[in-house]
Each structure stands twice: as structure tokens, then as C-alpha cells.
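Worksheet for the structure shown next.
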Amino acid sequence: MKALVTGGAGFLGSHLCDLLLAKGYEVFCVDNLITGSVRNIEHIKTDKFTYMKHDVTKPLYVEDNIDFIFHLASPASPIDYLELPIQTLKVGALGTYNMLGLAKEKKARFLLASTSEVYGDPLVNPQTEEYWGNVNPIGPRGVYDEAKRYAEAITMAYHRYHGINTRIVRIFNTYGPRMRLNDGRVVPNFIGQALRGENLTVYGDGSQTRSFCYVSDEVDGIYRLMMSDYSLPVNIGNPEEHTILEFANIIIKMMGSGSKIVFKELPVDDPKQRRPDISKARKLLGWEPKVGLEGGLRETIGYFREIL
Ligand code: NAD
Ligand code: UDP
């Protein structure tokens, strides 16, 4: 079986490539390295793995048969998509359109990596897949949220109109080794600050919540969804919810750090609460997260210690 992973040199994509190779797939990794790095895939030494440097907003021609397309390409951290607003919109729109075209041509099954950001600043908690969201289309985060909402819409259109076999995963905050130390997301920020002996920067008053999923659980859920026969969106994330202030204190305690907490301005439209309802994933995929916050953070801290 042959699988193509867009964004395969990124954080999640590279872990997904590892999982697919371990399961015996031949893997084509497509990435333009705009936020990813070949360092994430340089450990892969097998002729069943091919890396193609390509921007998926341009059409992609592949000679081989492809059975599965996992479309993960997109800037994903708030500072990345704020710096790359047009590329973010283009990869969600044109990139998804091109990869759906490839899936149609190859008669491949297609999975879209969507996001909890489609719920925007949600008015219900936890978020079920039926919730339509509360997104500001013209705010700074709109470039990411609306690109992903469009990507979901075109995926469903290809499914309904062309009969393409499609999947949509709504990924909630995921962390682990191979995140960029400077990608601005809260996990690398706090761990990096604690390692450097700097103060931890909590945005706003830290009462906003997030739910953190370890990367091995996330890619397991993504794979199971691809193998299922369910075409509507499925949340994959860890339902254990923490305020960001609590989370900062967990990091300080776990790392035995002398760092203090300082409060900074809350980014515009920063969601106040976020927690997945994973009833669907449990029922349809037999999936739930296995790695607890402490175990996952231990691995992640070990990784950042090594690279710093
Ligand atoms: P990442 O930035 O590490 O990976 C994204 C990869 O996509 C990078 O390697 C980048 O170079 C590549 N890419 C971007 N635009 C491209 C283009 N036009 N052509 C080819 N490659 C391109 O981020 P990540 O955290 O691994 O996220 C992967 C996917 O998962 C994204 O679609 C993201 O929206 C989604 N997601 C991630 C999270 C999370 O917490 N990590 C949460 C929700 C959704
Ligand atoms: N955050 C923070 N300090 C940081 C980085 C992030 O308080 O140094 C907050 C951010 O405002 C948000 C949460 O942590 O409320 C998660 O941010 P992240 O960028 O990881 O992802 P998001 O869930 O916002 O996409």
C-alpha cells in the first residue's frame, strides 16, 4: 500500500510517516519546508520512503499509484500563520483542491487535517462535531480558521459530488518531540523558557483553557480514522482540560524550575475554552488517548533539553 503525506516534514506529519512506515506502507512525503524541516525525517533510512520538495498550492503529478493521501500541509502555530497569512489561505484552499484532485485521479482515499480552530472561540464546552463554531472571519486568526473551514467544505463537496472517499479529522492541541522550540505555541514556549531560566509568559490572565494530546495518541487516532468508513468530521484530542495558568505551574513543578510567571497581552480572538468531546472517536474508532500529561511532557522536555 502506498500513502502520500503532505506536510510530512512537519511535526505531526513526520510522526505520521514513522507510523505508516512501521505498518509497512510505502510513503511519499511532500513538503515545501515553509514551517517544517528535513531534520524531522533525516532519521528515516529506507527505500520505502521518498521525500518530494513541493508546494502543494501548485498541482502535483505522481507516477506511482497512491492508495491514501493524508493532507496535513499548512502552517499550524498562531505565530506562523500570522506571519504567513496568504500562504495559509492558499494551502487550505488551493492545496486542498489540488490534493483532492490527486485523490480523484488516483482513486485514493483522502484525509484532511482540520482543526479545533473551526470552532473559533467556542460558546459550548466541550465541543462536539455538531457545533458550527464561533469564528471571526476577518480577525488575524481568520486566515487559518476560514482556510480550514473552506478545506472541510471542499472535502465534503468532493465526497458528495465526485464520490471521493474522504475523512476529516479535527485535531486539538497536540504536542511532543519535533515541535520547533521557537514556533510560539504554548508547550515549546513554556518548556524553552523554563530551560533557559526565563520567566514563563502567560497571555491574558491565564484563565483560558486548552486540552493537550500527546503526538503518538494523535497519529494513532488519525490513522484509525483513515481506516474507518466514516466521512463526517471526527474530533481527535485529549479531553483533559487545564487553564493556561495551571499548565504553566505544572511545567514549573515538573521541571523543578525557579522561573516565575509573567502576564502578557492576550492575542486577539484567543479562544477562551477548548476541550474535545471524543464520544464519536471512542464509539467509531475505539480510540482514546493513552498517554497522560505528565508522561507526554516528560518525553517532550527530554527532547527540548537535548536540542537546546
Ligand atoms: P508543522 O508546521 O510542523 O507542519 C506543517 C507542515 O506543512 C510543515 O512541514 C510545512 O513546511 C508544510 N507545508 C505548509 N505549507 C505547505 C505547502 N504549501 N506545500 C507543502 N508543504 C507545506 O505543523 P503541525 O503541528 O505538524 O501541523 C500539521 C497539520 O495538523 C496542519 O494542517 C495543522 O493545521 C494541523 N493541526 C495541528 C495541530 C497541533 O496541535 N499540532 C492542531 C490542529 C491542527
Ligand atoms: N499562550 C501563553 N503563553 C505563551 C504561548 C501561548 O499563555 O507563551 C497561550 C495562548 O494565548 C493560548 C494558549 O496558550 O491561550 C495556547 O496557545 P497555542 O499558541 O499553543 O495554541 P492555540 O490553542 O491558541 O492555537
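Following the order of the C-alpha cells, first chain is A, next is B, and so on, with residues numbered from 1 inside each chain and ligands from 1 in the order they appear.
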
**OP:** Considering only C-alpha atoms, return as a PyMOL selection string whatever protein or nucleic-acid residues lie within 7 Å of Ile171 (chain A), sequence-local ones (same chain, fewer than 6 positions apart) excluded.
**Re:** chain A and resi 113-116+235-237

**OP:** Using only C-alpha atoms and all ligand atoms, determine which residues fall within 9 Å of ligand 2, then list them as a ChimeraX atom specification.
**Re:** /A:76-79,116-117,172-175,183-190,193,200-211,243-245,247-248,263-268,270-274

**OP:** Enumerate as a PyMOL selection string all residues of region 29-276 of chain A assigned to helix (DSSP H, G or I) by DSSP on the backbone, naming them with the chain letters and numbers the document uses.
**Re:** chain A and resi 38-40+78-83+85-106+116-119+142-162+186-195+215-227+244-254

Using only C-alpha atoms and all ligand atoms, which residues of the polymer chains come no farther than 6 Å from ligand 1? I'd like the answer as a CSV table (one decimal) with N, CA, C and O atoms, in the first residue's frame.
chain,number,residue,atom,x,y,z
A,6,THR,N,1.2,15.0,2.9
A,6,THR,CA,1.6,16.4,2.7
A,6,THR,C,1.9,17.0,4.0
A,6,THR,O,1.2,16.6,5.0
A,7,GLY,N,2.9,17.9,4.1
A,7,GLY,CA,3.3,18.4,5.4
A,7,GLY,C,4.1,17.3,6.1
A,7,GLY,O,4.2,17.4,7.4
A,8,GLY,N,4.6,16.3,5.4
A,8,GLY,CA,5.3,15.2,6.1
A,8,GLY,C,6.6,15.5,6.8
A,8,GLY,O,7.1,14.7,7.5
A,9,ALA,N,7.2,16.7,6.5
A,9,ALA,CA,8.4,17.1,7.2
A,9,ALA,C,8.1,18.0,8.4
A,9,ALA,O,9.0,18.6,9.0
A,10,GLY,N,6.8,18.1,8.7
A,10,GLY,CA,6.5,18.9,9.9
A,10,GLY,C,6.4,18.0,11.1
A,10,GLY,O,6.8,16.9,11.1
A,11,PHE,N,5.9,18.6,12.2
A,11,PHE,CA,5.9,18.0,13.5
A,11,PHE,C,5.0,16.7,13.4
A,11,PHE,O,5.4,15.6,13.5
A,12,LEU,N,3.7,16.9,13.1
A,12,LEU,CA,2.7,15.8,13.1
A,12,LEU,C,3.0,14.9,11.9
A,12,LEU,O,2.9,13.7,12.0
A,13,GLY,N,3.3,15.5,10.8
A,13,GLY,CA,3.4,14.7,9.5
A,13,GLY,C,4.6,13.7,9.6
A,13,GLY,O,4.5,12.6,9.2
A,31,ASP,N,6.5,18.2,0.9
A,31,ASP,CA,6.6,19.3,1.9
A,31,ASP,C,7.5,20.4,1.2
A,31,ASP,O,8.4,20.1,0.5
A,32,ASN,N,7.1,21.6,1.4
A,32,ASN,CA,7.9,22.7,0.8
A,32,ASN,C,8.8,23.4,1.9
A,32,ASN,O,9.5,24.4,1.7
A,33,LEU,N,8.7,22.8,3.1
A,33,LEU,CA,9.6,23.2,4.3
A,33,LEU,C,9.3,24.6,4.7
A,33,LEU,O,10.2,25.2,5.4
A,34,ILE,N,8.2,25.2,4.5
A,34,ILE,CA,7.9,26.6,4.9
A,34,ILE,C,7.9,26.7,6.4
A,34,ILE,O,8.3,27.7,7.0
A,35,THR,N,7.4,25.7,7.1
A,35,THR,CA,7.5,25.6,8.6
A,35,THR,C,8.1,24.3,9.1
A,35,THR,O,8.3,24.1,10.3
A,36,GLY,N,8.3,23.4,8.2
A,36,GLY,CA,8.9,22.1,8.5
A,36,GLY,C,10.4,22.0,8.3
A,36,GLY,O,11.0,23.1,8.0
A,54,HIS,N,8.0,20.1,-2.6
A,54,HIS,CA,6.9,20.6,-3.5
A,54,HIS,C,5.9,21.5,-2.7
A,54,HIS,O,5.6,21.1,-1.6
A,55,ASP,N,5.5,22.5,-3.3
A,55,ASP,CA,4.5,23.4,-2.7
A,55,ASP,C,3.1,22.9,-3.3
A,55,ASP,O,2.8,23.0,-4.4
A,56,VAL,N,2.3,22.4,-2.4
A,56,VAL,CA,1.0,21.8,-2.8
A,56,VAL,C,0.0,22.8,-3.3
A,56,VAL,O,-1.1,22.4,-3.7
A,57,THR,N,0.3,24.1,-3.2
A,57,THR,CA,-0.7,25.0,-3.8
A,57,THR,C,-0.5,25.0,-5.3
A,57,THR,O,-1.3,25.5,-6.1
A,72,LEU,N,-1.8,17.1,5.4
A,72,LEU,CA,-1.5,17.9,6.6
A,72,LEU,C,-0.8,19.2,6.4
A,72,LEU,O,-0.6,19.9,7.3
A,73,ALA,N,-0.5,19.5,5.1
A,73,ALA,CA,0.3,20.7,4.9
A,73,ALA,C,-0.5,21.9,5.2
A,73,ALA,O,-1.6,22.1,4.8
A,74,SER,N,0.1,22.7,6.1
A,74,SER,CA,-0.4,24.0,6.5
A,74,SER,C,0.4,24.6,7.6
A,74,SER,O,0.7,23.8,8.6
A,75,PRO,N,0.7,25.9,7.6
A,75,PRO,CA,1.3,26.4,8.9
A,75,PRO,C,0.2,26.2,10.0
A,75,PRO,O,-1.0,26.2,9.7
A,76,ALA,N,0.7,25.9,11.2
A,76,ALA,CA,-0.2,25.5,12.2
A,76,ALA,C,-0.1,26.3,13.5
A,76,ALA,O,-1.1,26.3,14.3
A,91,VAL,N,-2.8,27.4,1.0
A,91,VAL,CA,-2.6,25.9,1.2
A,91,VAL,C,-4.0,25.3,1.7
A,91,VAL,O,-4.3,24.1,1.3
A,113,ALA,N,-6.5,17.1,7.4
A,113,ALA,CA,-6.1,17.5,8.8
A,113,ALA,C,-6.8,18.8,9.0
A,113,ALA,O,-6.3,19.9,8.6
A,114,SER,N,-8.0,18.8,9.7
A,114,SER,CA,-8.6,20.0,10.1
A,114,SER,C,-8.3,20.3,11.5
A,114,SER,O,-7.3,19.7,12.1
A,115,THR,N,-9.0,21.2,12.2
A,115,THR,CA,-8.5,21.7,13.5
A,115,THR,C,-9.7,22.1,14.4
A,115,THR,O,-10.8,22.4,13.9
A,171,ILE,N,-8.2,18.1,14.7
A,171,ILE,CA,-7.1,17.9,15.6
A,171,ILE,C,-7.2,19.0,16.7
A,171,ILE,O,-7.3,20.2,16.4
A,172,PHE,N,-7.1,18.6,17.9
A,172,PHE,CA,-7.0,19.5,19.1
A,172,PHE,C,-5.5,19.6,19.5
A,172,PHE,O,-4.8,18.7,19.2
A,173,ASN,N,-5.2,20.7,20.2
A,173,ASN,CA,-3.8,20.9,20.6
A,173,ASN,C,-3.0,19.7,20.8
A,173,ASN,O,-3.2,18.9,21.8
A,174,THR,N,-1.9,19.5,20.0
A,174,THR,CA,-1.1,18.3,20.1
A,174,THR,C,0.3,18.7,20.3
A,174,THR,O,0.8,19.7,19.8

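The shell of residues at most 10 Å from region 283-292 of chain A, with only C-alpha atoms counted and near chain neighbours (fewer than 5 positions) removed, consists of Phe212, Cys213, Tyr214, Val215, Ser216, Asp217, Glu218, Asp220, Gly221, Ile222, Tyr223, Arg224, Leu225, Met226, Met227, Ser228, Asp229, Tyr230, Val234, Ile236, Gly237, Asn238, Pro239, Glu240, Ile278 and Leu297 of chain A.
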